[in-house]
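Shown next: my_file_27.txt, given as compact mmCIF, C-alpha atoms.
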```txt
# COMPACT_ATOMS: atom_id res chain seq x y z
CA MET A 25 -0.73 -18.21 -4.39
CA THR A 26 -4.38 -17.57 -5.15
CA GLU A 27 -5.23 -14.39 -6.99
CA HIS A 28 -8.13 -12.41 -5.60
CA VAL A 29 -10.32 -11.42 -8.54
CA ALA A 30 -13.27 -9.03 -8.45
CA ILE A 31 -15.76 -8.21 -11.16
CA TYR A 32 -16.95 -4.65 -11.63
CA GLY A 33 -20.01 -4.59 -13.84
CA GLY A 34 -21.83 -1.69 -15.44
CA SER A 35 -22.70 -0.05 -18.72
CA PHE A 36 -19.70 2.33 -18.65
CA ASP A 37 -21.45 4.46 -21.28
CA PRO A 38 -19.18 6.34 -20.85
CA ILE A 39 -16.68 5.60 -18.10
CA THR A 40 -16.76 8.53 -15.66
CA ASN A 41 -14.52 9.85 -12.91
CA GLY A 42 -16.89 8.05 -10.53
CA HIS A 43 -16.24 4.71 -12.23
CA LEU A 44 -12.53 5.45 -12.15
CA ASP A 45 -12.72 6.20 -8.41
CA VAL A 46 -14.35 2.81 -7.76
CA LEU A 47 -11.83 1.06 -10.04
CA ARG A 48 -8.91 2.59 -8.14
CA GLY A 49 -10.42 1.49 -4.84
CA THR A 50 -11.01 -2.00 -6.17
CA LEU A 51 -7.37 -2.30 -7.25
CA THR A 52 -6.26 -1.55 -3.67
CA ILE A 53 -8.21 -4.57 -2.41
CA PHE A 54 -8.03 -7.12 -5.23
CA ASP A 55 -5.18 -8.48 -7.35
CA LYS A 56 -7.21 -8.45 -10.57
CA VAL A 57 -10.34 -6.66 -11.72
CA VAL A 58 -12.63 -7.77 -14.50
CA ILE A 59 -14.50 -4.78 -15.90
CA ALA A 60 -17.69 -6.31 -17.24
CA ILE A 61 -19.52 -4.11 -19.72
CA GLY A 62 -23.20 -4.96 -19.83
CA THR A 63 -24.52 -5.29 -23.35
CA HIS A 64 -28.09 -5.83 -24.40
CA PRO A 65 -28.97 -6.41 -28.06
CA GLY A 66 -32.16 -4.35 -27.83
CA LYS A 67 -30.56 -1.43 -26.01
CA LYS A 68 -28.53 1.11 -27.96
CA GLY A 69 -25.95 3.05 -25.98
CA LEU A 70 -24.23 6.29 -26.87
CA PHE A 71 -20.96 4.40 -27.39
CA ASP A 72 -20.92 0.89 -28.82
CA PHE A 73 -19.07 -1.91 -27.01
CA GLU A 74 -15.82 -1.48 -28.96
CA GLU A 75 -15.80 2.28 -28.29
CA ARG A 76 -16.33 1.70 -24.57
CA VAL A 77 -13.49 -0.82 -24.45
CA SER A 78 -11.22 1.58 -26.31
CA LEU A 79 -12.09 4.46 -23.96
CA ILE A 80 -11.58 2.32 -20.85
CA LYS A 81 -8.19 1.11 -22.15
CA GLN A 82 -7.17 4.70 -22.91
CA VAL A 83 -8.23 5.87 -19.44
CA ILE A 84 -6.36 2.98 -17.79
CA ALA A 85 -3.21 3.94 -19.72
CA ASP A 86 -3.62 7.68 -19.07
CA GLU A 87 -4.12 7.08 -15.34
CA GLY A 88 -1.07 4.82 -15.09
CA LEU A 89 -3.10 1.86 -13.89
CA SER A 90 -1.65 -1.55 -14.61
CA SER A 91 -3.37 -3.08 -17.60
CA HIS A 92 -2.03 -6.47 -16.41
CA ASP A 93 -4.39 -6.24 -13.42
CA ILE A 94 -7.48 -5.28 -15.44
CA ARG A 95 -9.42 -7.29 -17.99
CA ILE A 96 -12.37 -5.91 -19.96
CA VAL A 97 -15.17 -8.24 -21.02
CA SER A 98 -18.78 -8.03 -22.12
CA PHE A 99 -21.75 -9.73 -20.55
CA ASP A 100 -25.38 -9.92 -21.58
CA GLY A 101 -26.85 -12.11 -18.88
CA LEU A 102 -26.50 -12.24 -15.12
CA ILE A 103 -23.42 -10.66 -13.55
CA VAL A 104 -23.09 -13.69 -11.26
CA ASP A 105 -22.69 -15.94 -14.30
CA SER A 106 -20.04 -13.63 -15.72
CA ALA A 107 -18.26 -13.58 -12.35
CA ARG A 108 -18.13 -17.38 -12.29
CA GLU A 109 -16.95 -17.49 -15.91
CA HIS A 110 -14.05 -15.14 -15.16
CA GLY A 111 -13.03 -16.60 -11.80
CA ALA A 112 -14.16 -13.65 -9.69
CA LYS A 113 -14.95 -14.18 -6.03
CA ALA A 114 -16.42 -10.73 -5.44
CA LEU A 115 -18.83 -8.35 -7.12
CA VAL A 116 -17.81 -4.70 -6.67
CA ARG A 117 -20.43 -1.98 -6.55
CA GLY A 118 -19.91 1.74 -6.07
CA LEU A 119 -22.23 3.68 -3.81
CA ARG A 120 -23.01 7.38 -4.18
CA ASP A 121 -25.82 7.79 -1.66
CA GLY A 122 -28.56 6.09 0.31
CA THR A 123 -30.68 5.53 -2.77
CA ASP A 124 -27.84 3.52 -4.32
CA LEU A 125 -27.44 1.58 -1.07
CA ASP A 126 -31.11 0.56 -0.96
CA TYR A 127 -31.05 -0.67 -4.57
CA GLU A 128 -27.63 -2.34 -4.29
CA MET A 129 -28.58 -4.15 -1.06
CA GLN A 130 -31.54 -5.71 -2.87
CA MET A 131 -29.28 -6.75 -5.75
CA ALA A 132 -26.64 -8.11 -3.35
CA GLY A 133 -29.25 -10.21 -1.57
CA MET A 134 -30.60 -11.68 -4.79
CA ASN A 135 -27.10 -12.27 -6.17
CA GLU A 136 -26.16 -14.05 -2.94
CA MET A 137 -29.15 -16.35 -3.30
CA MET A 138 -28.13 -17.22 -6.87
CA ALA A 139 -24.38 -17.39 -6.17
CA PRO A 140 -23.62 -17.83 -2.45
CA GLU A 141 -19.92 -18.29 -3.23
CA LEU A 142 -19.68 -14.65 -4.39
CA GLN A 143 -19.31 -11.73 -2.02
CA THR A 144 -20.62 -8.27 -2.85
CA VAL A 145 -18.25 -5.46 -1.87
CA PHE A 146 -19.55 -1.89 -1.67
CA LEU A 147 -17.14 0.99 -2.21
CA PRO A 148 -18.33 4.48 -1.31
CA ALA A 149 -17.65 7.10 -3.96
CA SER A 150 -15.25 9.85 -2.98
CA PRO A 151 -17.02 13.13 -2.20
CA SER A 152 -15.60 14.79 -5.33
CA VAL A 153 -17.29 12.27 -7.65
CA ARG A 154 -20.39 11.37 -5.64
CA THR A 155 -22.83 13.28 -7.85
CA ILE A 156 -21.57 11.97 -11.20
CA THR A 157 -23.73 9.63 -13.27
CA ALA A 158 -23.12 8.53 -16.84
CA THR A 159 -26.72 9.47 -17.65
CA LEU A 160 -26.19 13.08 -16.56
CA VAL A 161 -22.84 13.21 -18.35
CA ARG A 162 -24.52 12.11 -21.60
CA GLN A 163 -27.25 14.72 -21.13
CA ILE A 164 -24.75 17.52 -20.46
CA ALA A 165 -22.68 16.50 -23.49
CA SER A 166 -25.74 16.29 -25.74
CA MET A 167 -26.59 19.91 -24.86
CA GLY A 168 -23.09 21.15 -25.58
CA GLY A 169 -22.06 21.42 -21.92
CA ASP A 170 -18.59 20.98 -20.49
CA THR A 171 -18.09 17.42 -19.21
CA SER A 172 -14.40 17.80 -18.35
CA LEU A 173 -15.10 17.89 -14.60
CA PHE A 174 -16.94 14.57 -14.72
CA VAL A 175 -14.96 12.32 -17.07
CA PRO A 176 -11.32 11.61 -17.91
CA ALA A 177 -9.81 13.70 -20.73
CA ALA A 178 -10.06 10.94 -23.37
CA VAL A 179 -13.77 10.52 -22.63
CA ASP A 180 -14.37 14.27 -22.72
CA ALA A 181 -12.79 14.40 -26.18
CA ALA A 182 -14.86 11.42 -27.35
CA LEU A 183 -18.06 13.05 -26.08
CA ARG A 184 -17.24 16.32 -27.84
CA ALA A 185 -16.59 14.42 -31.07
CA LYS A 186 -19.79 12.40 -30.71
CA PHE A 187 -21.94 15.54 -30.31
CA LYS A 188 -20.15 17.77 -32.84
```
Rewritten as structure tokens:
Amino acid sequence: MTEHVAIYGGSFDPITNGHLDVLRGTLTIFDKVVIAIGTHPGKKGLFDFEERVSLIKQVIADEGLSSHDIRIVSFDGLIVDSAREHGAKALVRGLRDGTDLDYEMQMAGMNEMMAPELQTVFLPASPSVRTITATLVRQIASMGGDTSLFVPAAVDAALRAKFK
């Protein structure tokens, strides 16, 4: 039996309730999900790669998601190359609004030209998480705001520790 594998790429700096919503949806459609954390040597994130992996693993455990169905990897090139490398047949993208759709449709079209064997799958964010972005979460945390409504508990604790 062939496993259906999807790749879900992003910076996950940090993983938010929005990311988690898309991950849950992806697991209802695909057998396995590769969470591909984009890394760029010249770009410094709030959390380094190892911290992001640790937070994602903690969130997966806390949420009772099967760690056997989820693999976490890094990528620093094209997501289509990472998808091929990890045996994914689909690229998963979350959509919050029309602005996301416009941008993601352009990306899907270009990805299809580079990798016609890959299908892009769009998952709409649930209304309760539609406004969440990792950028806004980082800004709120940096100003001492409460991020507990926007991120899982482990991430909230890590943000508080980071900005102590």
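In this model, the gap between atom CA of Pro38 of chain A and atom CA of Thr123 of chain A comes to 21.4 Å.
Residue nearest His92 of chain A within the list A:Lys56, A:Glu136, A:Ala107, A:Glu27: A:Lys56 [criterion: smallest interatomic distance, only C-alpha atoms].
With only C-alpha atoms taken into account, every residue lying no more than 8 Å from the file point (-23.2, -13.7, -10.8) is included here: Leu102, Ile103, Val104, Asp105, Ser106, Ala107, Arg108, Leu115, Asn135, Met138, Ala139 and Leu142 of chain A.
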Spatial neighbours of Arg120 of chain A, max dist 7 Å, only C-alpha atoms, sep filter under 3 positions, as a PyMOL selection string: chain A and resi 124+148-149+154-155
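Among the candidates A:Asp100, A:Asp93, A:Asp121, A:Asp180, the one nearest to Ile39 of chain A when counting all atoms listed in the file is A:Asp180.
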